[in-house]
Amino acid sequence: MSVKDYVTVRVGGQLFGLEALSVQDIFYPRNITPVPLAASEILGVLNLRGRIVTAVCARKRLSVPERGPGDPEPKAVGIEIGGDNYGLVVDHVEEVVKLDSDHMISPPNNLPSRWAEIIQGVFRLPGELLVVFDAKRLLTSEVGLVGAVA
Amino acid sequence: MDDLISDFLTEANESLEIVDAELVNFEAKPEDRAALDKIFRLVHSIKGTSGFLGLPRLEAVAHAGETLLGRFRDGKLAVSSDAVTLVLRSIDTIKAILDGLAASGSEPAGDDSGLIGELEAMSEDAPAGLAEEVVAAPVEEPRVLRPGEVSMEDLEAAFAAAEGPSFDFGDEPAPVESAQIELAQPEPVQTAQVAEASGEEGGPAATNQSIRVGVEVLEDMMTLVSELVLTRNQLLQLNRSRTDDAFVPPLQRLSTITGELQDSVMKTRMQPIGAAWKKLPRLVRDLSKELGKKIDLVMDGETTELDRQVLEQIRDPLTHMVRNSADHGLETPEQRRAAGKSDVGTIRLAAFHEGGSIVIRVQDDGRGLDTARIREKAIEKGLVSRTDAEALTDAQVHRLVFSPGFSTAAAVTNVSGRGVGMDVVRSNIEQIGGQIELNSTAGQGSGVTIKIPLTLAIVSALIVGAGGERFAVPQGYVVELIKVDGEDTEHRIETIEHIRMVRLREELVPLIDLSAELGRTARRPATFVMVMQVGQHRFGVIVDEVIDTEEIVVKPLAAALRNISVFSGATILGDGSVVLIVDPNGLTERAGEIPASAQKAIDEAAAWGEAEGLERKSLLVVRVGEGQPKAVELSKVTRLEHADASRIERNGHRASLQYRGRLMTVLTVDESQMLRSSGVQPLLVFTGALYSMALAVDEIVDVVDAQLKIELTATRPGLLGVAVVDGKATDILDIDHFMLLALAEQARSDDPANSSVDTREAA
């Protein structure tokens with residue numbers, strides 16, 4: 001038994017989870033300064049209480065179609081990796097759930113291949129799957145970022 | 001004092017404090033194994049280090065103490081208060097020796113044989129287990145000698161005692177040799193301070209002089225201060241738009257204190273450059289043996305301080321440069337004698353502060369760069385074509401050694417020539433915003449000068465707009481700002497070999513369009529050009545607007561963005577928004593190399609400008625008052641105006657004129673001169689990078705072509721001197737002086753339209 005807390009977020013209808021211990025804060029990603037020449041999923045940098053946060057668009061990272069004009073304002077999940085602050089921009093932040101990591105299963109084969117490298121595993125929740133991100137690979141993985149330089 | 005020794009002192013004194021406390025603890029609770037282990041470890045490490053440093057007295061005492069502690073540990077000896085007292089006494093002796101060491105830099109003389117004897121006796125006594133009574137007697141008897149209480153007999157005894165185990169501690173020569181090497185870099189100040197301080201109280205001097213603070217704590221402090229600086233900037237900016245004066249004094253005070261705090265914290269990060277030079281004497285000594293050359297290393301300015309982060313970055317380049325000088329620069333004694341020089345070659349290392357930078361120079365008195373060989377090598381390596389190479393000047397050839405993959409050593413030696421050459425040195429230096437320059441005189445030597453910022457944490461930057469966004473550009477790289485839009489500008493953009501260039505005085509400067517480089521659309525036509533100097537490259541960067549200058553705190557970009565070489569970091573501006581910091585090095589890389597043909601045009605233009613130092617210039621001759629005529633270089637004058645005198649607004653000493661939608665300052669040439677109150681006032685209009693000014697004259701006389709040879713130097717501000725123009729002695733006006741005056745005037749006026757600042761003056 002090793003129960004962990006997961007913050008659940010929704011991106012393009014799918015439920016994703018992030019280890020709660022890695023999540024520092026939840027905020028609205030506003031006043032983003034775009035970074036020219038950066039990978040397309042990087043929305044830019046912003047000032048969060050004096051820290052510079054790099055905003056990464058989860059939709060673009062997952063190749064999910066972009067948000068429509070009528071969609072509610074997205075939120076960002078603040079995560080620190082190797083001393084750098086990132087904000088993963090998602091559609092919704094839902095709740096914190098306690099799950100036994102022993103019950104995590106490996107991702108099913110029918111997941112898009114682009115997801116495979118950035119996913120730790122999957123929980124079967126009643127009615128739907130919770131896909132747990134590997135935050136580090138999701139935010140800093142070279143494969144996804146360098147390949148997409150505009 | 002040797003740094004090793006002073007480090008050891010700090011460490012040992014700290015350890016001893018712990019040992020003291022733990023021993024007392026341990027005495028109370030003899031079953032506390034952990035405490036004993038800790039004490040044992042600390043004493044052991046003091047013993048080990050003192051042996052390593054060649055401090056036999058310390059080592060002997062520590063060894064005896066350790067042996068006794070070992071008995072406790074093995075359970076061979078019961079822990080008695082006498083035994084602990086004895087151990088404590090040995091600790092006291094060690095402290096006394098350390099104090100003496102701190103004061104004089106060497107181990108004080110003294111006899112510890114009594115104490116050691118007791119310690120040994122106690123250890124020997126081990127199996128008995130009940131040591132209390134047995135040991136009681138010897139404890140009383142010999143007093144531990146303090147340094148300073150040493151008699152001749154004791155000295156003799158000490159020598160005798162030290163003789164025996166000498167093979168054990170290593171025989172003096174090793175430490176003596178290292179001491180000699182250290183002597184090459186005298187540090188008398190530190191020793192004197194320590195001696196003075198310890199002389200007063202006799203207390204543990206080394207612990208009082210400095211405390212060791214984790215680098216993390218310092219980094220945290222730096223971050224916090226940086227935040228504070230940003231907040232202060234924010235407040236100052238807010239206050240600028242207020243009319244309320246009440247906030248001004250406390251804000252000013254806050255601003256000053258913040259500045260001072262920033263300086264102090266910055267100082268904690270400063271280290272003398274000598275720290276990066278420590279290994280060089282040894283390196284040079286080894287090199288001279290290996291290469292069969294006689295080399296004298298002279299070091300100057302090792303106390304010059306710079307940020308430890310910068311220090312780390314230049315350590316390797318420095319080593320490489322010294323190595324290069326020894327290997328390539330200096331000749332063998334035979335060659336030197338043949339050239340009429342002394343056998344011993346000199347490598348001179350110098351460091352000093354210059355403005356906000358530190359300049360480091362590595363100079364040798366060797367053969368100088370071999371221009372012909374470098375040229376051949378460059379052709380061989382395919383760096384330049386033969387035709388291009390032949391057209392290059394010596395200075396341009398020298399520049400080739402900075403090209404990637406260049407190495408001139410005829411044979412790959414152990415010393416240098418491993419393919420990692422000056423290009424790596426250059427990129428290391430440029431990475432931290434530094435500049436590197438080569439100089440060489442055939443037969444007399446060559447040298448490298450590097451200029452690096454004192455700190456990387458806070459820089460003053462120019463905030464510019466390009467492609468609809470703002471960017472920060474470190475001001476150190478910006479040589480000049482020129483305005484290129486409009487019909488009235490002297491700077492025209494030309495296109496040579498598809499490269500856009502701007503003519504700046506006699507120089508052609510290639511241009512990079514910042515917006516285009518960043519994949520954005522630029523506003524047309526180009527408006528401002530920042531002339532930048534990166535190493536030996538001079539180029540212009542086209543930006544849409546120049547917004548402000550600001551002190552910025554450089555923050556690194558997240559890993560996901562570090563592959564973008566055009567940006568070196570980001571910063572938070574006074575208004576809270578984030579802007580990216582442009583890295584001029586990355587920009588040149590991205591913009592690519594300038595084709596040789598275009599480079600040739602640039603160099604020709606430069607050479608022409610140099611050769612024609614005394615070319616004929618067009619001078620505008622004017623009359624002001626009754627004295628001799630005055631003149632100014634026509635090229636500096638933007639326009640001649642005849643303004644309606646009634647339109648000139650006067651306010652006390654100041655005069656200004658609404659001119660093209662802005663308020664332009666009007667100055668007079670000298671104080672006695674009166675502006676006309678009616679009719680037409682002739683004005684000379686001058687345009688700087690960001691502002692204009694007008695100089696009032698009585699009459700515009702003529703334009704004359706003349707050699708501008710200034711005969712007499714200036715007698716008062718505003719005059720460059722006197723030159724003969726058209727057969728008449730003429731005062732040559734110093735326009736820069738008036739531009740500065742106008743700038744000061746505008747800074748005083750509160751008109752926000754005039755608040756822009758010319759960075760050259762502000763820097």
# chains A, B, ... in the order shown; residues from 1 in each chain; ligands from 1
$ interface_residues --of "chain A" --to "chain B" --cutoff "9 Å" --atoms "only C-alpha atoms" --output "PyMOL selection string"
chain A and resi 31-39+42+45-47+50-54+81-86+139-142+145-146+150
$ write_last_selection --atoms "N, CA and C atoms" --output "compact mmCIF listing (two decimals), in the first residue's frame"
# COMPACT_ATOMS: atom_id res chain seq x y z
N ASN A 31 -0.96 37.54 -18.52
CA ASN A 31 0.18 38.39 -18.89
C ASN A 31 1.39 37.57 -19.34
N ILE A 32 1.12 36.67 -20.25
CA ILE A 32 2.21 35.81 -20.73
C ILE A 32 3.02 36.56 -21.78
N THR A 33 4.33 36.55 -21.61
CA THR A 33 5.21 37.11 -22.64
C THR A 33 5.63 35.98 -23.57
N PRO A 34 5.24 36.03 -24.84
CA PRO A 34 5.61 34.95 -25.73
C PRO A 34 7.13 34.87 -25.93
N VAL A 35 7.62 33.70 -26.18
CA VAL A 35 9.06 33.52 -26.41
C VAL A 35 9.26 33.15 -27.88
N PRO A 36 9.78 34.09 -28.67
CA PRO A 36 10.01 33.78 -30.07
C PRO A 36 10.98 32.60 -30.21
N LEU A 37 10.80 31.82 -31.24
CA LEU A 37 11.66 30.69 -31.57
C LEU A 37 11.50 29.50 -30.64
N ALA A 38 10.60 29.59 -29.67
CA ALA A 38 10.42 28.47 -28.76
C ALA A 38 9.51 27.43 -29.41
N ALA A 39 9.49 26.24 -28.85
CA ALA A 39 8.61 25.19 -29.32
C ALA A 39 7.16 25.67 -29.23
N ILE A 42 5.13 25.89 -25.99
CA ILE A 42 5.49 26.85 -24.94
C ILE A 42 4.77 28.16 -25.21
N VAL A 45 6.50 33.11 -21.06
CA VAL A 45 6.94 33.22 -19.68
C VAL A 45 6.07 34.26 -18.97
N LEU A 46 5.87 34.05 -17.68
CA LEU A 46 5.06 35.01 -16.94
C LEU A 46 5.63 35.20 -15.54
N ASN A 47 5.18 36.24 -14.90
CA ASN A 47 5.65 36.58 -13.55
C ASN A 47 4.64 36.10 -12.54
N GLY A 50 6.93 37.19 -8.55
CA GLY A 50 8.37 37.42 -8.62
C GLY A 50 9.17 36.27 -9.19
N ARG A 51 8.51 35.15 -9.43
CA ARG A 51 9.24 34.05 -10.08
C ARG A 51 8.87 34.03 -11.55
N ILE A 52 9.83 33.64 -12.36
CA ILE A 52 9.52 33.54 -13.78
C ILE A 52 9.09 32.12 -14.09
N VAL A 53 7.88 32.01 -14.60
CA VAL A 53 7.29 30.71 -14.85
C VAL A 53 7.14 30.50 -16.35
N THR A 54 7.53 29.33 -16.80
CA THR A 54 7.38 29.00 -18.21
C THR A 54 6.05 28.27 -18.39
N ILE A 81 10.72 21.95 -11.63
CA ILE A 81 11.56 20.84 -12.08
C ILE A 81 12.99 21.35 -12.20
N GLY A 82 13.87 20.74 -11.45
CA GLY A 82 15.28 21.11 -11.50
C GLY A 82 15.50 22.59 -11.26
N GLY A 83 14.74 23.17 -10.35
CA GLY A 83 14.92 24.58 -10.02
C GLY A 83 14.19 25.53 -10.96
N ASP A 84 13.63 25.01 -12.03
CA ASP A 84 12.87 25.85 -12.96
C ASP A 84 11.39 25.75 -12.65
N ASN A 85 10.68 26.87 -12.78
CA ASN A 85 9.25 26.87 -12.54
C ASN A 85 8.49 26.76 -13.86
N TYR A 86 7.59 25.80 -13.89
CA TYR A 86 6.75 25.63 -15.07
C TYR A 86 5.29 25.77 -14.66
N LEU A 139 7.17 18.19 -19.26
CA LEU A 139 7.53 19.59 -19.37
C LEU A 139 8.89 19.82 -20.00
N THR A 140 9.79 18.89 -19.88
CA THR A 140 11.14 19.17 -20.36
C THR A 140 11.63 18.21 -21.43
N SER A 141 10.82 17.19 -21.76
CA SER A 141 11.29 16.19 -22.71
C SER A 141 11.78 16.83 -24.00
N GLU A 142 13.01 16.48 -24.35
CA GLU A 142 13.65 17.05 -25.52
C GLU A 142 12.92 16.69 -26.81
N LEU A 145 10.01 18.88 -27.56
CA LEU A 145 10.24 20.32 -27.65
C LEU A 145 11.10 20.71 -28.82
N VAL A 146 12.23 20.04 -28.96
CA VAL A 146 13.15 20.47 -30.00
C VAL A 146 12.58 20.21 -31.38
N ALA A 150 9.52 26.19 -34.21
CA ALA A 150 8.81 26.81 -35.33
C ALA A 150 9.78 27.30 -36.38
$ select_by_dssp --residues "chain A" --states "strand (DSSP E or B)" --output "MDAnalysis selection string"
chainID A and resid 3:11 14:19 23:27 33 39 42:48 51:57 75:81 84:90 92:100 105 119:125 128:133 149
$ write_last_selection --atoms "C-alpha atoms" --output "PDB file, in the first residue's frame"
ATOM      1  CA  VAL A   3      -1.273   5.876  -1.158  1.00  0.00           C
ATOM      2  CA  LYS A   4      -0.463   9.106  -2.927  1.00  0.00           C
ATOM      3  CA  ASP A   5      -2.398  12.259  -3.582  1.00  0.00           C
ATOM      4  CA  TYR A   6      -3.016  13.183  -7.176  1.00  0.00           C
ATOM      5  CA  VAL A   7      -4.238  16.500  -8.517  1.00  0.00           C
ATOM      6  CA  THR A   8      -6.647  15.758 -11.327  1.00  0.00           C
ATOM      7  CA  VAL A   9      -6.956  18.051 -14.305  1.00  0.00           C
ATOM      8  CA  ARG A  10      -8.891  17.917 -17.526  1.00  0.00           C
ATOM      9  CA  VAL A  11      -7.376  18.499 -20.942  1.00  0.00           C
ATOM     10  CA  GLN A  14      -9.615  13.535 -20.803  1.00  0.00           C
ATOM     11  CA  LEU A  15      -8.851  13.242 -17.080  1.00  0.00           C
ATOM     12  CA  PHE A  16      -5.165  13.484 -16.149  1.00  0.00           C
ATOM     13  CA  GLY A  17      -3.399  13.284 -12.835  1.00  0.00           C
ATOM     14  CA  LEU A  18      -0.259  14.849 -11.402  1.00  0.00           C
ATOM     15  CA  GLU A  19       1.387  13.808  -8.165  1.00  0.00           C
ATOM     16  CA  VAL A  23       2.310  20.640  -7.580  1.00  0.00           C
ATOM     17  CA  GLN A  24       3.209  23.973  -6.033  1.00  0.00           C
ATOM     18  CA  ASP A  25       0.272  26.130  -6.903  1.00  0.00           C
ATOM     19  CA  ILE A  26      -2.677  26.616  -9.197  1.00  0.00           C
ATOM     20  CA  PHE A  27      -3.036  29.945 -10.972  1.00  0.00           C
ATOM     21  CA  THR A  33       5.211  37.110 -22.635  1.00  0.00           C
ATOM     22  CA  ALA A  39       8.608  25.189 -29.322  1.00  0.00           C
ATOM     23  CA  ILE A  42       5.486  26.852 -24.945  1.00  0.00           C
ATOM     24  CA  LEU A  43       3.058  29.683 -24.516  1.00  0.00           C
ATOM     25  CA  GLY A  44       5.648  31.959 -22.995  1.00  0.00           C
ATOM     26  CA  VAL A  45       6.939  33.215 -19.677  1.00  0.00           C
ATOM     27  CA  LEU A  46       5.061  35.010 -16.937  1.00  0.00           C
ATOM     28  CA  ASN A  47       5.653  36.583 -13.555  1.00  0.00           C
ATOM     29  CA  LEU A  48       4.152  34.633 -10.713  1.00  0.00           C
ATOM     30  CA  ARG A  51       9.235  34.053 -10.076  1.00  0.00           C
ATOM     31  CA  ILE A  52       9.520  33.539 -13.781  1.00  0.00           C
ATOM     32  CA  VAL A  53       7.289  30.705 -14.845  1.00  0.00           C
ATOM     33  CA  THR A  54       7.377  29.004 -18.210  1.00  0.00           C
ATOM     34  CA  ALA A  55       3.844  28.271 -19.377  1.00  0.00           C
ATOM     35  CA  VAL A  56       3.447  25.041 -21.323  1.00  0.00           C
ATOM     36  CA  CYS A  57       0.186  24.319 -23.110  1.00  0.00           C
ATOM     37  CA  LYS A  75      -5.764  27.344 -15.414  1.00  0.00           C
ATOM     38  CA  ALA A  76      -2.168  26.491 -14.803  1.00  0.00           C
ATOM     39  CA  VAL A  77      -0.644  23.979 -12.449  1.00  0.00           C
ATOM     40  CA  GLY A  78       2.695  25.211 -11.047  1.00  0.00           C
ATOM     41  CA  ILE A  79       5.418  22.583 -10.981  1.00  0.00           C
ATOM     42  CA  GLU A  80       9.108  22.979 -10.195  1.00  0.00           C
ATOM     43  CA  ILE A  81      11.563  20.843 -12.080  1.00  0.00           C
ATOM     44  CA  ASP A  84      12.870  25.854 -12.960  1.00  0.00           C
ATOM     45  CA  ASN A  85       9.251  26.869 -12.540  1.00  0.00           C
ATOM     46  CA  TYR A  86       6.754  25.625 -15.065  1.00  0.00           C
ATOM     47  CA  GLY A  87       3.067  26.171 -15.399  1.00  0.00           C
ATOM     48  CA  LEU A  88       1.144  23.413 -17.157  1.00  0.00           C
ATOM     49  CA  VAL A  89      -1.823  25.095 -18.759  1.00  0.00           C
ATOM     50  CA  VAL A  90      -4.915  22.879 -18.596  1.00  0.00           C
ATOM     51  CA  HIS A  92      -9.785  22.594 -15.646  1.00  0.00           C
ATOM     52  CA  VAL A  93      -8.311  21.691 -12.325  1.00  0.00           C
ATOM     53  CA  GLU A  94     -10.727  19.266 -10.696  1.00  0.00           C
ATOM     54  CA  GLU A  95      -9.766  17.868  -7.306  1.00  0.00           C
ATOM     55  CA  VAL A  96      -7.234  15.980  -5.255  1.00  0.00           C
ATOM     56  CA  VAL A  97      -7.737  12.225  -5.064  1.00  0.00           C
ATOM     57  CA  LYS A  98      -6.004   9.608  -2.919  1.00  0.00           C
ATOM     58  CA  LEU A  99      -5.008   6.564  -4.904  1.00  0.00           C
ATOM     59  CA  ASP A 100      -2.901   3.538  -4.142  1.00  0.00           C
ATOM     60  CA  ILE A 105      -1.380   0.051 -14.481  1.00  0.00           C
ATOM     61  CA  ILE A 119       2.811   9.112 -18.993  1.00  0.00           C
ATOM     62  CA  GLN A 120       3.639   7.281 -15.791  1.00  0.00           C
ATOM     63  CA  GLY A 121       0.641   5.029 -15.764  1.00  0.00           C
ATOM     64  CA  VAL A 122      -3.115   4.808 -15.618  1.00  0.00           C
ATOM     65  CA  PHE A 123      -5.695   4.332 -12.851  1.00  0.00           C
ATOM     66  CA  ARG A 124      -9.079   2.813 -13.550  1.00  0.00           C
ATOM     67  CA  LEU A 125     -11.574   5.089 -11.863  1.00  0.00           C
ATOM     68  CA  GLU A 128     -13.209   6.687 -16.675  1.00  0.00           C
ATOM     69  CA  LEU A 129      -9.449   6.388 -16.858  1.00  0.00           C
ATOM     70  CA  LEU A 130      -7.113   8.689 -14.982  1.00  0.00           C
ATOM     71  CA  VAL A 131      -3.905   9.128 -16.941  1.00  0.00           C
ATOM     72  CA  VAL A 132      -1.003  10.084 -14.696  1.00  0.00           C
ATOM     73  CA  PHE A 133       1.576  12.410 -16.190  1.00  0.00           C
ATOM     74  CA  VAL A 149      10.738  24.466 -33.107  1.00  0.00           C
TER      75      VAL A 149
END
$ select_by_dssp --residues "stretch 1-148 of chain A" --states "helix (DSSP H, G or I)" --output "list in words"
Ala20, Leu21, Ser22, Ala58, Arg59, Lys60, Arg61, Ser101, Asp102, His103, Ser113, Arg114, Trp115, Ala116, Ala135, Lys136, Arg137, Leu138, Leu139, Thr140, Glu142, Val143, Gly144, Leu145 and Val146 of chain A
$ atom_distance --atom1 "atom CA of B:Glu699" --atom2 "atom CA of B:Glu633"
16.0 Å
$ atom_distance --atom1 "atom CA of B:Val543" --atom2 "atom CA of B:Thr527"
6.7 Å
$ atom_distance --atom1 "atom CA of B:Ala64" --atom2 "atom CA of B:Ile116"
5.9 Å
$ residues_around --residues "stretch 244-253 of chain B" --least-positions-apart "5" --cutoff "8 Å" --atoms "only C-alpha atoms" --output "number ranges by chain"
B: 235-236, 239
$ residues_around --residues "B:Leu349" --least-positions-apart "5" --cutoff "12 Å" --atoms "only C-alpha atoms" --output "number ranges by chain"
B: 185, 273-274, 276-277, 280-281, 296-302, 318-319, 321-322, 325, 359-365, 447-450
$ write_last_selection --atoms "C-alpha atoms" --output "tab-separated table (two decimals), in the first residue's frame"
chain	number	residue	atom	x	y	z
B	185	GLN	CA	51.95	35.34	-4.54
B	273	ILE	CA	40.88	36.61	-8.74
B	274	GLY	CA	43.97	35.16	-7.09
B	276	ALA	CA	41.67	31.33	-9.99
B	277	TRP	CA	45.41	31.93	-10.30
B	280	LEU	CA	49.17	28.76	-12.29
B	281	PRO	CA	52.63	29.01	-10.66
B	296	ASP	CA	58.96	33.70	-15.12
B	297	LEU	CA	55.35	34.17	-14.12
B	298	VAL	CA	54.52	37.64	-12.87
B	299	MET	CA	51.14	38.20	-11.32
B	300	ASP	CA	49.68	41.56	-10.68
B	301	GLY	CA	46.36	42.48	-9.12
B	302	GLU	CA	45.43	39.13	-7.62
B	318	LEU	CA	42.83	31.54	-18.01
B	319	THR	CA	44.69	28.30	-17.63
B	321	MET	CA	45.75	31.23	-22.13
B	322	VAL	CA	48.74	30.83	-19.85
B	325	SER	CA	51.72	31.67	-23.91
B	359	VAL	CA	40.06	43.39	-17.23
B	360	ILE	CA	42.44	40.46	-17.24
B	361	ARG	CA	45.53	40.44	-19.36
B	362	VAL	CA	47.88	37.60	-20.17
B	363	GLN	CA	50.94	38.98	-21.90
B	364	ASP	CA	54.17	37.26	-22.88
B	365	ASP	CA	57.42	38.66	-24.22
B	447	GLY	CA	48.85	38.91	-25.35
B	448	VAL	CA	45.21	38.37	-24.75
B	449	THR	CA	43.01	40.87	-22.99
B	450	ILE	CA	39.66	39.85	-21.67
